[in-house]
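Asker: Dropping a structure here in structure tokens format, bear with me for questions.
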Amino acid sequence: MFSLNETCRGRAKLTVAGGQMKVHITLRGKKIMNLYPGHAKDAPDHVDAWLSPVEETVVYEDGYSDTVHAFDVPVSVIGKDFDLALIGTKGVWYDHKVSVSDPLTLDGTPVSLTEASATEKSAGSHEKLSLSHAEQFSVYYEDGCAVVTIRGEGQILLVPHGKKALEELAANRTVLTQGVNNAYLISTSGMDLAAKCGALDSIRFCSLKENDWFIPEPVDAMKDGKMLYAGKYSAPDFERLVAGGCNLVLANTMLRHKPQVIEKFEELGIPVIIEKANYEKDPLGRLEWIKFYGLLFGRLDEATAYFDSQVKRLGSLSAHERTGATVAFFALNSKGGVSIRRNSDYVVSMIKMAGGEYALEKIAGDSEGGMSSINVTMEDFSMAAHDADVLVYNGTIETRPRDMKDFVSKSPAFADFKAVRNGAVYTTDKDFFQKTTGIAEFILDMNMVVRAADGKVADRVANRVADRVVSPTIYLKKLSE
């Protein structure tokens, strides 16, 4: 199976010259060696018609760059499936069907044939799993099975226990039995999603040691021997995984940077799924990936109930209510600079959903094609954050300040910041990024903070924040004097 590289956003470039169309597709690596416009059985006899790759450099959202294979594929018709066989490094030809549809001009105007979307065969009119915010995966049902599409990562076929999937339905898809167990979870942010939908028992192995977890569920499971450390994502303990009957690897896109690890899992016959919750720009889209985990581990009802409860909690917040309060979310790094989130990052979205404004917008830039965070100088940060109403120190990067005195000692410039003078400095704990299901809690906490900072709420709000500091689920902790 092949699919477009994730940096392509699901689209490929189609050109028309001399009455002929050709689509340029950029793939995920170098494992596909040739393509053939036709059936696999005919490819060996038509070497002259094989399509050869060109090498292209792509840059992922985390800043990693890679050289991958790209192909120019002849296209005879728009909107209909055609056969395109492929051969990889294993030397075996496989049949594949693709289509080119939804043509747009380079400026996004429909109809013209300058740019088109190259996609796998569509799901048609089958019943679909309801998703209100997530855009990086979709699910439809056919013949009692769930077909899961992860954007840029291919498809998974989840088959109920005791059922045999139709051969044509299973073709070119990763086939799993619903209610997967003995999984090796590499996607750290996925642990909280699995725990909250009651699927922790399905995860036998993880990629962090006990002391590196900041949420309680995996810590307790590892203490009880129910979950085992099986090496970090770049160097898994293959022997332990095989001996323990690992039957699924669930990772995020960082594993794509270690193709030799993926190839080893393939040799061992252990399927690998790359999830892309961290590519969701909408914070609730990230949270909605709990439905993916619920579906995978046979806990969809529990996952849906949890997601719906969190959306309901945010129902009291008006999407159009802006407080005018500005917030700087940041952390000092070990090199003397300041790490801030880019404008399109989901943390910034949560600040805005809470009614605040991002104080660092002018220096943050966008995250398209780059990392979700950026390092800036202390001078640039001071200019942007000096008059911010609220400062939030990201306690996941370096040790968070103990109190206001400790915070100000980190930089003399902080003493004159508006938020410091007004006592509006908060921190997060180490669990901030691991606690994926706390999105609603963070937004609600932030809403109270920005409303109090904007002067629209009396001491009742400030006291409520202070009272909730003792709660183990609170995200924002106010620094004491």
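Residue numbers start at 1 in each chain; chains themselves are named A, B, ... in the order of the structure tokens; ligands are numbered from 1 in the order shown.
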List the neighbours of region 38-46 of chain A out to 7 Å using only C-alpha atoms; skip same-chain residues closer than 5 positions along the sequence, and give me the result as an MDAnalysis selection string.

Answerer: chainID A and resid 83:85 93:95

Asker: I need the residues from that last selection saved to file as a PDB file, in the first residue's frame (with N, CA, C and O atoms), if you can.

Answerer:
```pdb
ATOM      1  N   ASP A  83      -5.973   1.350 -12.337  1.00  0.00           N
ATOM      2  CA  ASP A  83      -5.021   0.397 -11.756  1.00  0.00           C
ATOM      3  C   ASP A  83      -3.611   0.975 -11.771  1.00  0.00           C
ATOM      4  O   ASP A  83      -3.158   1.520 -12.781  1.00  0.00           O
ATOM      5  N   LEU A  84      -2.931   0.820 -10.634  1.00  0.00           N
ATOM      6  CA  LEU A  84      -1.549   1.280 -10.524  1.00  0.00           C
ATOM      7  C   LEU A  84      -0.810   0.300  -9.621  1.00  0.00           C
ATOM      8  O   LEU A  84      -0.948   0.346  -8.401  1.00  0.00           O
ATOM      9  N   ALA A  85      -0.061  -0.612 -10.225  1.00  0.00           N
ATOM     10  CA  ALA A  85       0.668  -1.624  -9.460  1.00  0.00           C
ATOM     11  C   ALA A  85       1.961  -1.023  -8.897  1.00  0.00           C
ATOM     12  O   ALA A  85       2.496  -0.053  -9.433  1.00  0.00           O
ATOM     13  N   TRP A  93       5.318  -7.502  -6.781  1.00  0.00           N
ATOM     14  CA  TRP A  93       4.359  -6.557  -7.331  1.00  0.00           C
ATOM     15  C   TRP A  93       3.012  -6.714  -6.641  1.00  0.00           C
ATOM     16  O   TRP A  93       2.561  -7.825  -6.376  1.00  0.00           O
ATOM     17  N   TYR A  94       2.351  -5.571  -6.370  1.00  0.00           N
ATOM     18  CA  TYR A  94       1.033  -5.571  -5.742  1.00  0.00           C
ATOM     19  C   TYR A  94       0.070  -4.716  -6.561  1.00  0.00           C
ATOM     20  O   TYR A  94       0.453  -3.643  -7.060  1.00  0.00           O
ATOM     21  N   ASP A  95      -1.170  -5.178  -6.658  1.00  0.00           N
ATOM     22  CA  ASP A  95      -2.205  -4.384  -7.329  1.00  0.00           C
ATOM     23  C   ASP A  95      -2.676  -3.270  -6.421  1.00  0.00           C
ATOM     24  O   ASP A  95      -2.718  -3.415  -5.196  1.00  0.00           O
TER      25      ASP A  95
END
```

Asker: Taking the backbone alone, and naming residues the way the document does, which bits of region 341-434 of chain A are strand (DSSP E or B) by DSSP, as a PyMOL selection string?

Answerer: chain A and resi 341+357-358+373-376+390-393+425-427

Asker: Write out, as a short mmCIF file (atom, residue, chain, number, x, y, z; two decimals), in the first residue's frame, the residues just selected, with all heavy atoms.

Answerer:
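Dumped to out-v1.cif:
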```
data_model
loop_
_atom_site.label_atom_id
_atom_site.label_comp_id
_atom_site.auth_asym_id
_atom_site.auth_seq_id
_atom_site.Cartn_x
_atom_site.Cartn_y
_atom_site.Cartn_z
N ARG A 341 5.02 28.64 21.87
CA ARG A 341 4.21 27.88 20.91
C ARG A 341 3.91 28.75 19.69
O ARG A 341 3.67 29.95 19.81
CB ARG A 341 2.90 27.42 21.54
CG ARG A 341 3.04 26.75 22.89
CD ARG A 341 3.92 25.52 22.85
NE ARG A 341 3.29 24.39 22.17
CZ ARG A 341 3.81 23.17 22.12
NH1 ARG A 341 4.98 22.94 22.69
NH2 ARG A 341 3.18 22.19 21.50
N GLU A 357 -6.32 36.16 24.39
CA GLU A 357 -5.56 36.49 23.18
C GLU A 357 -4.11 36.08 23.40
O GLU A 357 -3.60 36.16 24.52
CB GLU A 357 -5.64 37.99 22.86
CG GLU A 357 -7.05 38.54 22.73
CD GLU A 357 -7.81 37.97 21.55
OE1 GLU A 357 -7.14 37.48 20.62
OE2 GLU A 357 -9.05 38.01 21.56
N TYR A 358 -3.46 35.64 22.33
CA TYR A 358 -2.07 35.18 22.43
C TYR A 358 -1.13 36.37 22.36
O TYR A 358 -1.02 37.03 21.31
CB TYR A 358 -1.78 34.17 21.33
CG TYR A 358 -0.47 33.43 21.48
CD1 TYR A 358 -0.04 32.94 22.71
CD2 TYR A 358 0.34 33.18 20.37
CE1 TYR A 358 1.15 32.25 22.85
CE2 TYR A 358 1.52 32.47 20.48
CZ TYR A 358 1.93 32.02 21.72
OH TYR A 358 3.11 31.32 21.85
N SER A 373 6.61 24.44 18.20
CA SER A 373 7.19 25.43 19.09
C SER A 373 8.42 26.05 18.43
O SER A 373 8.96 25.51 17.47
CB SER A 373 7.56 24.80 20.44
OG SER A 373 8.56 23.81 20.26
N ILE A 374 8.83 27.17 18.98
CA ILE A 374 9.97 27.88 18.42
C ILE A 374 10.75 28.52 19.57
O ILE A 374 10.17 28.92 20.58
CB ILE A 374 9.51 28.97 17.41
CG1 ILE A 374 10.71 29.66 16.77
CG2 ILE A 374 8.59 29.97 18.08
CD1 ILE A 374 10.31 30.67 15.70
N ASN A 375 12.06 28.60 19.43
CA ASN A 375 12.90 29.26 20.43
C ASN A 375 13.18 30.70 20.00
O ASN A 375 13.56 30.95 18.85
CB ASN A 375 14.22 28.52 20.61
CG ASN A 375 14.03 27.18 21.29
OD1 ASN A 375 13.20 27.04 22.18
ND2 ASN A 375 14.80 26.18 20.87
N VAL A 376 12.96 31.64 20.92
CA VAL A 376 13.23 33.05 20.64
C VAL A 376 14.19 33.58 21.71
O VAL A 376 14.40 32.95 22.75
CB VAL A 376 11.93 33.88 20.64
CG1 VAL A 376 10.99 33.40 19.56
CG2 VAL A 376 11.24 33.84 22.01
N VAL A 390 -1.43 37.93 31.48
CA VAL A 390 -1.22 36.65 32.17
C VAL A 390 0.04 35.98 31.61
O VAL A 390 0.26 35.96 30.40
CB VAL A 390 -2.42 35.69 31.97
CG1 VAL A 390 -2.16 34.35 32.64
CG2 VAL A 390 -3.70 36.32 32.50
N LEU A 391 0.87 35.43 32.49
CA LEU A 391 2.00 34.60 32.10
C LEU A 391 1.73 33.18 32.55
O LEU A 391 1.34 32.95 33.69
CB LEU A 391 3.30 35.09 32.75
CG LEU A 391 3.79 36.50 32.40
CD1 LEU A 391 5.09 36.80 33.16
CD2 LEU A 391 4.00 36.66 30.90
N VAL A 392 1.93 32.21 31.64
CA VAL A 392 1.79 30.80 31.98
C VAL A 392 3.10 30.11 31.66
O VAL A 392 3.50 30.03 30.49
CB VAL A 392 0.63 30.13 31.22
CG1 VAL A 392 0.55 28.65 31.59
CG2 VAL A 392 -0.69 30.82 31.52
N TYR A 393 3.77 29.62 32.68
CA TYR A 393 5.06 28.94 32.50
C TYR A 393 4.80 27.46 32.23
O TYR A 393 4.15 26.77 33.02
CB TYR A 393 5.93 29.10 33.74
CG TYR A 393 7.36 28.68 33.52
CD1 TYR A 393 8.30 29.59 33.04
CD2 TYR A 393 7.77 27.37 33.76
CE1 TYR A 393 9.61 29.21 32.83
CE2 TYR A 393 9.08 26.99 33.55
CZ TYR A 393 10.00 27.91 33.07
OH TYR A 393 11.29 27.53 32.85
N VAL A 425 0.73 35.20 37.44
CA VAL A 425 1.69 34.25 36.86
C VAL A 425 1.30 32.84 37.31
O VAL A 425 1.12 32.59 38.50
CB VAL A 425 3.13 34.56 37.30
CG1 VAL A 425 4.11 33.58 36.65
CG2 VAL A 425 3.49 36.00 36.95
N TYR A 426 1.18 31.95 36.32
CA TYR A 426 0.75 30.58 36.59
C TYR A 426 1.74 29.60 35.97
O TYR A 426 2.53 29.96 35.09
CB TYR A 426 -0.65 30.33 36.00
CG TYR A 426 -1.71 31.24 36.57
CD1 TYR A 426 -1.86 32.54 36.09
CD2 TYR A 426 -2.56 30.80 37.57
CE1 TYR A 426 -2.84 33.38 36.62
CE2 TYR A 426 -3.55 31.63 38.10
CZ TYR A 426 -3.67 32.92 37.62
OH TYR A 426 -4.63 33.75 38.14
N THR A 427 1.68 28.36 36.40
CA THR A 427 2.51 27.32 35.81
C THR A 427 1.67 26.07 35.55
O THR A 427 0.61 25.89 36.14
CB THR A 427 3.68 26.91 36.73
OG1 THR A 427 3.16 26.21 37.87
CG2 THR A 427 4.47 28.12 37.19
#
```

Asker: Please provide the set of residues having any atom within 10 Å of Val77 (chain A), restricted to only C-alpha atoms, with same-chain residues fewer than 5 positions apart removed, written as JSON, numbers by chain.

Answerer: {"A": [21, 82, 99, 100, 101]}

Asker: What does the distance between CA of His24 (chain A) and CA of Cys8 (chain A) come to in Å, to one decimal place?

Answerer: 10.9 Å

Asker: Which of these residues is nearest to Leu35 (chain A), using only C-alpha atoms: A:Ala325, A:Ala195, A:Val73, A:Leu287?

Answerer: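 Going through A:Ala325, A:Ala195, A:Val73, A:Leu287 one by one, the smallest distance to Leu35 (chain A) is for A:Val73.
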
Asker: What separation in Å, quoted to one decimal, exists between CA of Gln136 (chain A) and CA of Thr57 (chain A)?

Answerer: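 Taking CA of Gln136 (chain A) and CA of Thr57 (chain A), their separation equals 22.9 Å.
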
Asker: Can you work out which one of A:Asp66, A:Asp212, A:Asp102, A:Glu168 has the shortest atom-to-atom distance to Gly79 (chain A), counting only C-alpha atoms?

Answerer: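 That would be A:Asp102, the residue with the smallest distance to Gly79 (chain A).
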
Asker: Determine, counting only C-alpha atoms, which protein, DNA and RNA residues have an atom within 10 Å of an atom of Met227 (chain A); residues of the same chain fewer than 5 positions away are not included. Present the result as a list in words.

Answerer: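 My list of contacting residues is Asn182, Ala183, Tyr184, Leu200, Asp201, Ser202, Ile203, Arg204, Phe205, Cys206, Glu210, Pro218, Val219, Asp220, Ala221 and Met222 of chain A.
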
Asker: May I have the selected residues written with all heavy atoms, as a short mmCIF file (atom, residue, chain, number, x, y, z; two decimals), in the first residue's frame?

Answerer:
```
data_model
loop_
_atom_site.label_atom_id
_atom_site.label_comp_id
_atom_site.auth_asym_id
_atom_site.auth_seq_id
_atom_site.Cartn_x
_atom_site.Cartn_y
_atom_site.Cartn_z
N ASN A 182 -2.30 -6.72 24.13
CA ASN A 182 -0.84 -6.89 24.06
C ASN A 182 -0.16 -5.88 23.14
O ASN A 182 0.79 -6.19 22.43
CB ASN A 182 -0.49 -8.32 23.60
CG ASN A 182 -0.31 -9.25 24.79
OD1 ASN A 182 -0.78 -8.98 25.88
ND2 ASN A 182 0.37 -10.36 24.56
N ALA A 183 -0.67 -4.66 23.15
CA ALA A 183 -0.11 -3.61 22.30
C ALA A 183 1.13 -2.98 22.94
O ALA A 183 1.28 -2.96 24.16
CB ALA A 183 -1.16 -2.54 22.03
N TYR A 184 2.01 -2.47 22.08
CA TYR A 184 3.17 -1.69 22.49
C TYR A 184 2.88 -0.24 22.14
O TYR A 184 2.81 0.12 20.96
CB TYR A 184 4.41 -2.20 21.76
CG TYR A 184 5.68 -1.37 21.90
CD1 TYR A 184 6.05 -0.80 23.10
CD2 TYR A 184 6.53 -1.21 20.80
CE1 TYR A 184 7.22 -0.06 23.22
CE2 TYR A 184 7.70 -0.47 20.90
CZ TYR A 184 8.04 0.10 22.11
OH TYR A 184 9.22 0.83 22.23
N LEU A 200 -6.78 0.36 29.23
CA LEU A 200 -5.39 0.23 29.67
C LEU A 200 -4.92 -1.22 29.71
O LEU A 200 -3.74 -1.51 29.47
CB LEU A 200 -5.23 0.86 31.06
CG LEU A 200 -3.82 1.37 31.40
CD1 LEU A 200 -3.45 2.52 30.48
CD2 LEU A 200 -3.75 1.82 32.85
N ASP A 201 -5.83 -2.15 29.97
CA ASP A 201 -5.45 -3.56 30.01
C ASP A 201 -5.00 -4.09 28.66
O ASP A 201 -4.37 -5.15 28.59
CB ASP A 201 -6.63 -4.41 30.52
CG ASP A 201 -6.90 -4.19 32.01
OD1 ASP A 201 -6.03 -3.61 32.69
OD2 ASP A 201 -7.98 -4.57 32.48
N SER A 202 -5.33 -3.38 27.58
CA SER A 202 -4.93 -3.82 26.25
C SER A 202 -3.50 -3.41 25.91
O SER A 202 -2.95 -3.85 24.91
CB SER A 202 -5.88 -3.23 25.20
OG SER A 202 -7.20 -3.70 25.40
N ILE A 203 -2.91 -2.56 26.74
CA ILE A 203 -1.54 -2.09 26.51
C ILE A 203 -0.60 -2.83 27.44
O ILE A 203 -0.59 -2.60 28.65
CB ILE A 203 -1.45 -0.57 26.72
CG1 ILE A 203 -2.39 0.15 25.77
CG2 ILE A 203 -0.01 -0.09 26.51
CD1 ILE A 203 -2.50 1.63 26.02
N ARG A 204 0.18 -3.73 26.88
CA ARG A 204 1.10 -4.54 27.66
C ARG A 204 2.48 -3.92 27.77
O ARG A 204 3.20 -4.11 28.75
CB ARG A 204 1.21 -5.94 27.03
CG ARG A 204 2.18 -6.88 27.69
CD ARG A 204 1.85 -7.13 29.16
NE ARG A 204 2.69 -8.18 29.75
CZ ARG A 204 2.90 -8.32 31.04
NH1 ARG A 204 2.32 -7.48 31.90
NH2 ARG A 204 3.67 -9.29 31.49
N PHE A 205 2.86 -3.13 26.74
CA PHE A 205 4.20 -2.56 26.69
C PHE A 205 4.13 -1.05 26.41
O PHE A 205 3.22 -0.58 25.73
CB PHE A 205 5.04 -3.23 25.58
CG PHE A 205 5.04 -4.72 25.64
CD1 PHE A 205 4.16 -5.46 24.85
CD2 PHE A 205 5.90 -5.41 26.49
CE1 PHE A 205 4.15 -6.84 24.89
CE2 PHE A 205 5.90 -6.78 26.53
CZ PHE A 205 5.03 -7.51 25.73
N CYS A 206 5.12 -0.32 26.91
CA CYS A 206 5.17 1.12 26.64
C CYS A 206 6.62 1.54 26.42
O CYS A 206 7.55 0.78 26.68
CB CYS A 206 4.54 1.91 27.78
SG CYS A 206 5.41 1.77 29.36
N GLU A 210 8.94 3.93 34.20
CA GLU A 210 7.96 4.32 35.21
C GLU A 210 8.17 5.76 35.69
O GLU A 210 7.20 6.53 35.83
CB GLU A 210 8.04 3.36 36.40
CG GLU A 210 7.05 3.64 37.50
CD GLU A 210 7.20 2.67 38.66
OE1 GLU A 210 7.45 1.46 38.41
OE2 GLU A 210 7.09 3.12 39.82
N PRO A 218 -0.44 4.62 34.01
CA PRO A 218 0.68 3.75 33.61
C PRO A 218 1.65 3.48 34.76
O PRO A 218 2.25 2.41 34.82
CB PRO A 218 1.35 4.52 32.48
CG PRO A 218 0.95 5.93 32.66
CD PRO A 218 -0.43 5.89 33.24
N VAL A 219 1.81 4.45 35.67
CA VAL A 219 2.69 4.24 36.82
C VAL A 219 2.17 3.09 37.66
O VAL A 219 2.92 2.17 38.04
CB VAL A 219 2.78 5.52 37.68
CG1 VAL A 219 3.57 5.25 38.96
CG2 VAL A 219 3.44 6.65 36.89
N ASP A 220 0.88 3.11 37.96
CA ASP A 220 0.28 2.03 38.75
C ASP A 220 0.37 0.69 38.03
O ASP A 220 0.66 -0.35 38.65
CB ASP A 220 -1.18 2.36 39.07
CG ASP A 220 -1.33 3.56 39.98
OD1 ASP A 220 -0.34 3.90 40.66
OD2 ASP A 220 -2.44 4.15 40.01
N ALA A 221 0.12 0.71 36.72
CA ALA A 221 0.15 -0.53 35.95
C ALA A 221 1.55 -1.13 35.92
O ALA A 221 1.73 -2.35 35.99
CB ALA A 221 -0.35 -0.28 34.52
N MET A 222 2.57 -0.29 35.85
CA MET A 222 3.94 -0.78 35.81
C MET A 222 4.38 -1.28 37.19
O MET A 222 5.11 -2.26 37.30
CB MET A 222 4.88 0.32 35.29
CG MET A 222 4.60 0.71 33.84
SD MET A 222 5.71 1.97 33.17
CE MET A 222 7.14 0.96 32.74
#
```

Asker: Separation of CA of Glu217 (chain A) and CA of Lys258 (chain A), in Å?

Answerer: 28.0 Å

Asker: Give the answer as one residue: which of A:Ala385, A:Leu295, A:Met353, A:Lys196 has the shortest atom-to-atom distance to Tyr140 (chain A), using only C-alpha atoms?

Answerer: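 Smallest distance to Tyr140 (chain A) is found for A:Leu295.
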
Asker: Apply DSSP to the structure's backbone, then extract all residues of region 171-368 of chain A labelled alpha helix (DSSP H) and return them as a count of residues only.

Answerer: 69
